[in-house]
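Visitor: The structure is given below, and queries will be raised subsequently.
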Protein chains: 2
Amino acid sequence: MSTHDHRKSRITLLDVARHANVSRATASLVIRKSPLVGAATREKVEQALKELGYVYNMGAASLRAERSNTIGVIVPTLGNPFYGELLSGIDNIVGEAEMVVILANSGEQFSRQSLLLQRMREHGVDGVIASLTAETQPDCIEQIADWGLPVVQVLRHVTGKLDYAGVDYAGGMQQAVDYLASLGHEDIAFAVHGPVHSAYRHRVDGFRGAMLERGLDPELIVRVPMTMPQIAQAAPLLFEQERQPTAAICFNDVIALGLAAGLYDCGRTVGHDFSLVGFDDVADAEATRPRLTSVSSTPVTVGQNAARLLLERIAEPHRAPQQIVSKTYLKIRQSCGPAKAFAI
Amino acid sequence: MSTHDHRKSRITLLDVARHANVSRATASLVIRKSPLVGAATREKVEQALKELGYVYNMGAASLRAERSNTIGVIVPTLGNPFYGELLSGIDNIVGEAEMVVILANSGEQFSRQSLLLQRMREHGVDGVIASLTAETQPDCIEQIADWGLPVVQVLRHVTGKLDYAGVDYAGGMQQAVDYLASLGHEDIAFAVHGPVHSAYRHRVDGFRGAMLERGLDPELIVRVPMTMPQIAQAAPLLFEQERQPTAAICFNDVIALGLAAGLYDCGRTVGHDFSLVGFDDVADAEATRPRLTSVSSTPVTVGQNAARLLLERIAEPHRAPQQIVSKTYLKIRQSCGPAKAFAI
DNA sequence: CTGAAAGCGCTTACAG
DNA sequence: CTGAAAGCGCTTACAG
């Protein structure tokens with residue numbers, strides 16, 4: 001193959017060293033900003049570096065140093081803007097540490113996730129941040145840690161033996177329920193969808209707990225489809241329950257936005273005839289009318305936490321597993337109003 | 001540092017070869033699925049691979065083979081869901097090729113973009129897909145190609161000397177203008193924001209061209225802010241122009257969604273009092289009421305095109321620069337209605 | 001179809 | 001503070 005025949009033959013550290021009249025080891029020290037090398041020598045070498053247009057070969061360095069300055073990130077989807085923000089947060093911190101992220105998308109498929117994990121291992125990543133699929137068993141993921149590959153779980157918690165950065169979903173649910181209750185709502189639905197992972201269970205448990213605490217019926221849980229138009233069409237489901245809810249909390253903003261649209265289609269006025277609380281507080285929560293009240297789950301912060309946890313773990317492989325659970329906060333806008341009796 | 005002392009000492013190809021009673025070169029051939037090796041030998045080696053739990057060391061292979069099976073992707077932001085979909089498309093194709101993507105976010109900053117490009121080069125990526133910042137000059141990016149690093153431009157076109165995968169923005173504008181004109185609109189605004197790059201200019205030029213073609217005033221271009229709430233607040237700007245528009249085409253759906261909200265706040269009924277066409281057709285276009293009519297720019301497809309172009313370029317470095325410009329299509333929903341005279 | 005040798009470009013002890 | 005040597009784990013010609 002002539003794949004690389006246009007590639008200029010590489011300038012190596014040895015070339016630089018010769019040009020500067022030092023040994024290769026010295027040049028290496030200069031590059032890595034070691035304090036062991038004298039100012040004059042450093043100067044000479046840096047000059048040579050520039051004159052020759054030297055490019056550091058991370059691959060070669062990795063091979064020797066057994067560290068690639070690369071971390072893997074596995075997300076279950078890139079369709080939800082929430083994950084874009086999470087990635088932003090991760091990218092911030094990883095970039096600051098002069099490392100680089102290898103991104104992959106599992107599509108919520110366990111088998112694909114395994115493949116990606118394997119691929120990342122072959123690429124020699126220094127660690128992995130993953131939002132694991134619902135099917136992931138604790139031993140599966142602990143085994144990866146046994147490979148010597150640090151893993152931090154993000155958003156979805158599978159095992160207590162590994163680091164985790166997530167969101168206090170139960171607390172968020174509590175905030176949503178408290179708020180609706182303060183407006184007089186008693187029949188509150190919880191609209192959910194998607195695979196049943198820890199983030200799902202924590203939300204459901206949080207909802208049930210908060211409702212029970214107030215002596216309210218915690219069983220008004222309705223499952224809706226995945227895509228926007230389907231969710232909108234499913235809005236009438238809310239009223240086919242045994243008890244008629246006057247408000248709904250949504251698993252995420254995708255559902256909230258979809259239901260808001262569907263309720264509109266049914267002739268309901270959100271914030272007046274019916275109250276709606278979203279979850280995540282994505283950018284578009286601000287763009288619908290009425291503006292969507294939503295529990296913010298601060299994805300950028302969660303991403304940053306996960307990245308910090310991973311960097312710390314890499315530096316200190318044997319410390320006890322850490323957890324950082326971010327508080328949510330309720331962003332009150334216009335989609336909720338006081339409860340009132342109304343006829344269908 | 002004891003960073004890696006928990007790492008099991010690695011099984012190498014040599015270990016495998018010994019275990020299978022063959023030479024290292026033979027084991028290497030088996031791994032790379034070369035047809036040169038006999039079935040019996042292959043069997044033996046594959047057995048050994050499994051028994052020892054061998055993990056391929058891509059880093060070592062890269063060093064020797066001068067190919068990392070890694071490609072770099074630089075996006076200007078991760079906040080817009082549009083880029084999430086673009087990444088999905090890239091990830092598909094790159095993953096199929098058993099390669100991996102290194103992701104970075106330039107934040108629309110040229111200096112950061114330069115840093116990232118350099119970093120990717122040091123990591124030895126086989127090529128880069130980049131949505132370049134507005135300040136990027138042709139020579140800057142051509143120089144990168146001179147490094148021997150294949151680059152494909154995505155969405156934003158800087159130079160004809162390198163591959164490009166994009167969208168027929170001018171065609172999309174034509175579709176939007178034609179559609180609004182067919183509804184009787186004559187005073188059509190174009191709402192824009194953000195940095196002035198090729199994708200920006202092509203849209204503006206497309207708008208102007210399409211308007212002129214019909215003898216309509218092409219100068220109703222209004223700049224709005226970047227964030228959702230600010231855009232909504234800026235909606236009245238539409239009516240502070242010399243001529244009162246009865247419709248607006250938006251640079252992207254973020255603007256369209258923001259303006260739709262702002263128009264609602266002004267007491268206008270979108271699709272009735274005022275017509276709105278978005279651009280990109282993101283998921284939420286389906287979720288607002290009235291549903292947003294939008295020019296779809298098929299981001300997943302564009303991502304796939306860019307990735308294919310890059311893989312081809314890597315295989316064939318000397319072929320002429322290619323361009324793949326995807327057609328847009330108008331997704332008609334509910335946000336446009338017939339033009340009619342109305343008093344403010 | 002298989003083997004022995006060299007080398008990709010670094011970093012790491014070890015001397016001095 | 002600097003240098004000479006070894007080696008990270010693979011692939012690549014080159015023989016046979």
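We label chains A, B, ... in the order they appear in the structure tokens, count residues from 1 in each chain, and number ligands from 1 in the order shown.
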For chain B, report every residue with an atom at most 12 Å from chain D (counting only C-alpha atoms (C1' of nucleotides)), formatted as a PyMOL selection string.

Guide: chain B and resi 10-15+24-29+31-32+55-67

Visitor: Contacts from chain B to chain A, 7 Å maximum, only C-alpha atoms: show me the residue list as a ChimeraX atom specification.

Guide: /B:3,6-8,55-60,63,78-79,81,84-85,88,91,100-104,122-124,147-148,228-229,257-258,261,286-289,314-317

Visitor: Work out how far apart atom CA of B:Lys340 and atom CA of B:Pro245 are and give it in Å to one decimal.

Guide: 11.0 Å

Visitor: As JSON, numbers by chain, please: every residue in stretch 103-235 of chain A that DSSP puts in helix (DSSP H, G or I).

Guide: {"A": [110, 111, 112, 113, 114, 115, 116, 117, 118, 119, 120, 121, 122, 138, 139, 140, 141, 142, 143, 144, 145, 146, 169, 170, 171, 172, 173, 174, 175, 176, 177, 178, 179, 180, 181, 182, 198, 199, 200, 201, 202, 203, 204, 205, 206, 207, 208, 209, 210, 211, 212, 213, 228, 229, 230, 231, 232, 233, 235]}

Visitor: Do a neighbour search on A:Thr328 at 8 Å with only C-alpha atoms (C1' of nucleotides), toss out local chain neighbours closer than 3 positions, and write the hits as a PyMOL selection string.

Guide: chain A and resi 167-169+171-172+295-298

Visitor: Among the residues of stretch 35-145 of chain B, find those DSSP assigns to strand (DSSP E) from the backbone and print them as a PDB file with N, CA, C and O atoms, in the first residue's frame.

Guide:
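Ended up saving to states17.pdb:
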```pdb
ATOM      1  N   THR B  70      -7.743   5.231  14.478  1.00  0.00           N
ATOM      2  CA  THR B  70      -8.339   6.263  15.302  1.00  0.00           C
ATOM      3  C   THR B  70      -8.608   7.465  14.415  1.00  0.00           C
ATOM      4  O   THR B  70      -7.763   7.836  13.620  1.00  0.00           O
ATOM      5  N   ILE B  71      -9.791   8.043  14.517  1.00  0.00           N
ATOM      6  CA  ILE B  71      -9.960   9.278  13.767  1.00  0.00           C
ATOM      7  C   ILE B  71     -10.449  10.384  14.700  1.00  0.00           C
ATOM      8  O   ILE B  71     -11.140  10.131  15.678  1.00  0.00           O
ATOM      9  N   GLY B  72     -10.041  11.598  14.400  1.00  0.00           N
ATOM     10  CA  GLY B  72     -10.406  12.736  15.242  1.00  0.00           C
ATOM     11  C   GLY B  72     -11.642  13.437  14.707  1.00  0.00           C
ATOM     12  O   GLY B  72     -11.827  13.525  13.499  1.00  0.00           O
ATOM     13  N   VAL B  73     -12.485  13.891  15.605  1.00  0.00           N
ATOM     14  CA  VAL B  73     -13.648  14.678  15.191  1.00  0.00           C
ATOM     15  C   VAL B  73     -13.687  15.949  16.027  1.00  0.00           C
ATOM     16  O   VAL B  73     -13.644  15.893  17.259  1.00  0.00           O
ATOM     17  N   ILE B  74     -13.754  17.078  15.345  1.00  0.00           N
ATOM     18  CA  ILE B  74     -13.844  18.351  16.063  1.00  0.00           C
ATOM     19  C   ILE B  74     -15.159  19.038  15.729  1.00  0.00           C
ATOM     20  O   ILE B  74     -15.446  19.321  14.566  1.00  0.00           O
ATOM     21  N   VAL B  75     -15.954  19.261  16.747  1.00  0.00           N
ATOM     22  CA  VAL B  75     -17.220  19.977  16.561  1.00  0.00           C
ATOM     23  C   VAL B  75     -17.128  21.320  17.272  1.00  0.00           C
ATOM     24  O   VAL B  75     -16.362  21.481  18.217  1.00  0.00           O
ATOM     25  N   VAL B 100     -12.083   3.969  15.830  1.00  0.00           N
ATOM     26  CA  VAL B 100     -12.584   4.597  17.027  1.00  0.00           C
ATOM     27  C   VAL B 100     -12.518   6.115  16.856  1.00  0.00           C
ATOM     28  O   VAL B 100     -11.648   6.603  16.139  1.00  0.00           O
ATOM     29  N   VAL B 101     -13.450   6.870  17.424  1.00  0.00           N
ATOM     30  CA  VAL B 101     -13.350   8.318  17.259  1.00  0.00           C
ATOM     31  C   VAL B 101     -12.909   9.050  18.519  1.00  0.00           C
ATOM     32  O   VAL B 101     -13.386   8.776  19.609  1.00  0.00           O
ATOM     33  N   ILE B 102     -11.977   9.949  18.311  1.00  0.00           N
ATOM     34  CA  ILE B 102     -11.544  10.854  19.366  1.00  0.00           C
ATOM     35  C   ILE B 102     -12.303  12.153  19.170  1.00  0.00           C
ATOM     36  O   ILE B 102     -12.216  12.792  18.125  1.00  0.00           O
ATOM     37  N   LEU B 103     -13.069  12.516  20.168  1.00  0.00           N
ATOM     38  CA  LEU B 103     -13.946  13.674  20.050  1.00  0.00           C
ATOM     39  C   LEU B 103     -13.390  14.881  20.768  1.00  0.00           C
ATOM     40  O   LEU B 103     -12.853  14.766  21.861  1.00  0.00           O
ATOM     41  N   ALA B 104     -13.533  16.050  20.153  1.00  0.00           N
ATOM     42  CA  ALA B 104     -13.207  17.275  20.881  1.00  0.00           C
ATOM     43  C   ALA B 104     -14.092  18.416  20.422  1.00  0.00           C
ATOM     44  O   ALA B 104     -14.618  18.417  19.314  1.00  0.00           O
ATOM     45  N   ASN B 105     -14.208  19.379  21.292  1.00  0.00           N
ATOM     46  CA  ASN B 105     -15.154  20.471  21.170  1.00  0.00           C
ATOM     47  C   ASN B 105     -14.369  21.782  21.119  1.00  0.00           C
ATOM     48  O   ASN B 105     -13.702  22.137  22.083  1.00  0.00           O
ATOM     49  N   GLY B 127      -6.817  10.432  10.601  1.00  0.00           N
ATOM     50  CA  GLY B 127      -7.476  11.490   9.850  1.00  0.00           C
ATOM     51  C   GLY B 127      -8.387  12.269  10.766  1.00  0.00           C
ATOM     52  O   GLY B 127      -8.608  11.878  11.914  1.00  0.00           O
ATOM     53  N   VAL B 128      -8.891  13.386  10.264  1.00  0.00           N
ATOM     54  CA  VAL B 128      -9.730  14.264  11.074  1.00  0.00           C
ATOM     55  C   VAL B 128     -10.964  14.708  10.292  1.00  0.00           C
ATOM     56  O   VAL B 128     -10.885  15.005   9.105  1.00  0.00           O
ATOM     57  N   ILE B 129     -12.088  14.711  10.989  1.00  0.00           N
ATOM     58  CA  ILE B 129     -13.297  15.320  10.452  1.00  0.00           C
ATOM     59  C   ILE B 129     -13.557  16.557  11.294  1.00  0.00           C
ATOM     60  O   ILE B 129     -13.614  16.463  12.517  1.00  0.00           O
ATOM     61  N   ALA B 130     -13.673  17.700  10.650  1.00  0.00           N
ATOM     62  CA  ALA B 130     -13.831  18.915  11.447  1.00  0.00           C
ATOM     63  C   ALA B 130     -14.862  19.874  10.876  1.00  0.00           C
ATOM     64  O   ALA B 130     -14.947  20.074   9.672  1.00  0.00           O
TER      65      ALA B 130
END
```

Visitor: In Å, rounded to a single decimal, give me how far atom CA of B:Phe190 is from atom CA of B:Ala247.

Guide: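 Interatomic distance here is 8.8 Å.
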
Visitor: Near B:Ala134, within 9 Å and counting only C-alpha atoms (C1' of nucleotides), which residues show up once chain neighbours fewer than 4 positions away are dropped, as a PyMOL selection string?

Guide: chain B and resi 108-110+156+158+195-198

Visitor: I'd like the contact shell of B:Tyr164 - 6 Å cut-off, only C-alpha atoms (C1' of nucleotides), skipping same-chain residues fewer than 5 positions apart - returned as an MDAnalysis selection string.

Guide: chainID B and resid 152:154 323

Visitor: With all heavy atoms kept, could you save the residues just selected as a compact mmCIF listing (two decimals), in the first residue's frame?

Guide:
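Contents of out_14.txt, as written:
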```
# COMPACT_ATOMS: atom_id res chain seq x y z
N VAL B 152 -11.23 15.91 6.49
CA VAL B 152 -12.43 16.25 5.76
C VAL B 152 -13.22 17.30 6.50
O VAL B 152 -13.41 17.24 7.70
CB VAL B 152 -13.30 15.03 5.27
CG1 VAL B 152 -12.68 13.71 5.56
CG2 VAL B 152 -14.73 15.14 5.65
N GLN B 153 -13.61 18.31 5.73
CA GLN B 153 -14.40 19.40 6.25
C GLN B 153 -15.85 18.94 6.30
O GLN B 153 -16.35 18.37 5.35
CB GLN B 153 -14.31 20.60 5.33
CG GLN B 153 -12.89 20.95 4.90
CD GLN B 153 -12.86 21.94 3.74
OE1 GLN B 153 -12.98 23.13 3.94
NE2 GLN B 153 -12.70 21.43 2.52
N VAL B 154 -16.50 19.19 7.42
CA VAL B 154 -17.91 18.83 7.47
C VAL B 154 -18.74 20.07 7.80
O VAL B 154 -18.37 20.88 8.65
CB VAL B 154 -18.15 17.67 8.48
CG1 VAL B 154 -17.97 18.11 9.92
CG2 VAL B 154 -19.54 17.09 8.29
N GLN B 323 -16.44 16.10 -2.95
CA GLN B 323 -17.46 16.83 -2.19
C GLN B 323 -18.75 16.04 -2.21
O GLN B 323 -19.15 15.55 -3.27
CB GLN B 323 -17.74 18.18 -2.82
CG GLN B 323 -16.51 18.95 -3.18
CD GLN B 323 -16.68 20.43 -2.93
OE1 GLN B 323 -15.79 21.09 -2.44
NE2 GLN B 323 -17.85 20.94 -3.26
```

Visitor: Need the shell around B:His185: protein/DNA/RNA residues with any atom at most 8 Å away, counting only C-alpha atoms (C1' of nucleotides). Skip same-chain ones fewer than 5 positions apart. Format as a list in words?

Guide: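 Non-adjacent residues within range: Leu180, Thr246, Ala247, Pro338 and Ala339 of chain B.
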
Visitor: Create the file for the chosen residues now, containing N, CA and C atoms and written as an mmCIF file, in the first residue's frame.

Guide:
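The result, stored in part-v5.cif:
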```
data_model
loop_
_atom_site.group_PDB
_atom_site.id
_atom_site.type_symbol
_atom_site.label_atom_id
_atom_site.label_comp_id
_atom_site.auth_asym_id
_atom_site.auth_seq_id
_atom_site.Cartn_x
_atom_site.Cartn_y
_atom_site.Cartn_z
ATOM 1 N N LEU B 180 -43.012 29.479 0.954
ATOM 2 C CA LEU B 180 -43.678 30.664 1.508
ATOM 3 C C LEU B 180 -44.281 31.505 0.389
ATOM 4 N N THR B 246 -44.345 39.070 6.782
ATOM 5 C CA THR B 246 -45.486 38.229 7.178
ATOM 6 C C THR B 246 -45.006 36.808 7.460
ATOM 7 N N ALA B 247 -43.710 36.594 7.240
ATOM 8 C CA ALA B 247 -43.158 35.269 7.450
ATOM 9 C C ALA B 247 -41.658 35.406 7.724
ATOM 10 N N PRO B 338 -51.382 30.906 4.820
ATOM 11 C CA PRO B 338 -51.447 31.855 3.716
ATOM 12 C C PRO B 338 -51.180 33.278 4.198
ATOM 13 N N ALA B 339 -50.544 34.048 3.314
ATOM 14 C CA ALA B 339 -50.290 35.448 3.658
ATOM 15 C C ALA B 339 -51.598 36.199 3.645
#
```

Visitor: In Å to one decimal, how far is atom CA of A:Ala189 from atom CA of A:Arg268?

Guide: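 A separation of 15.9 Å between them.
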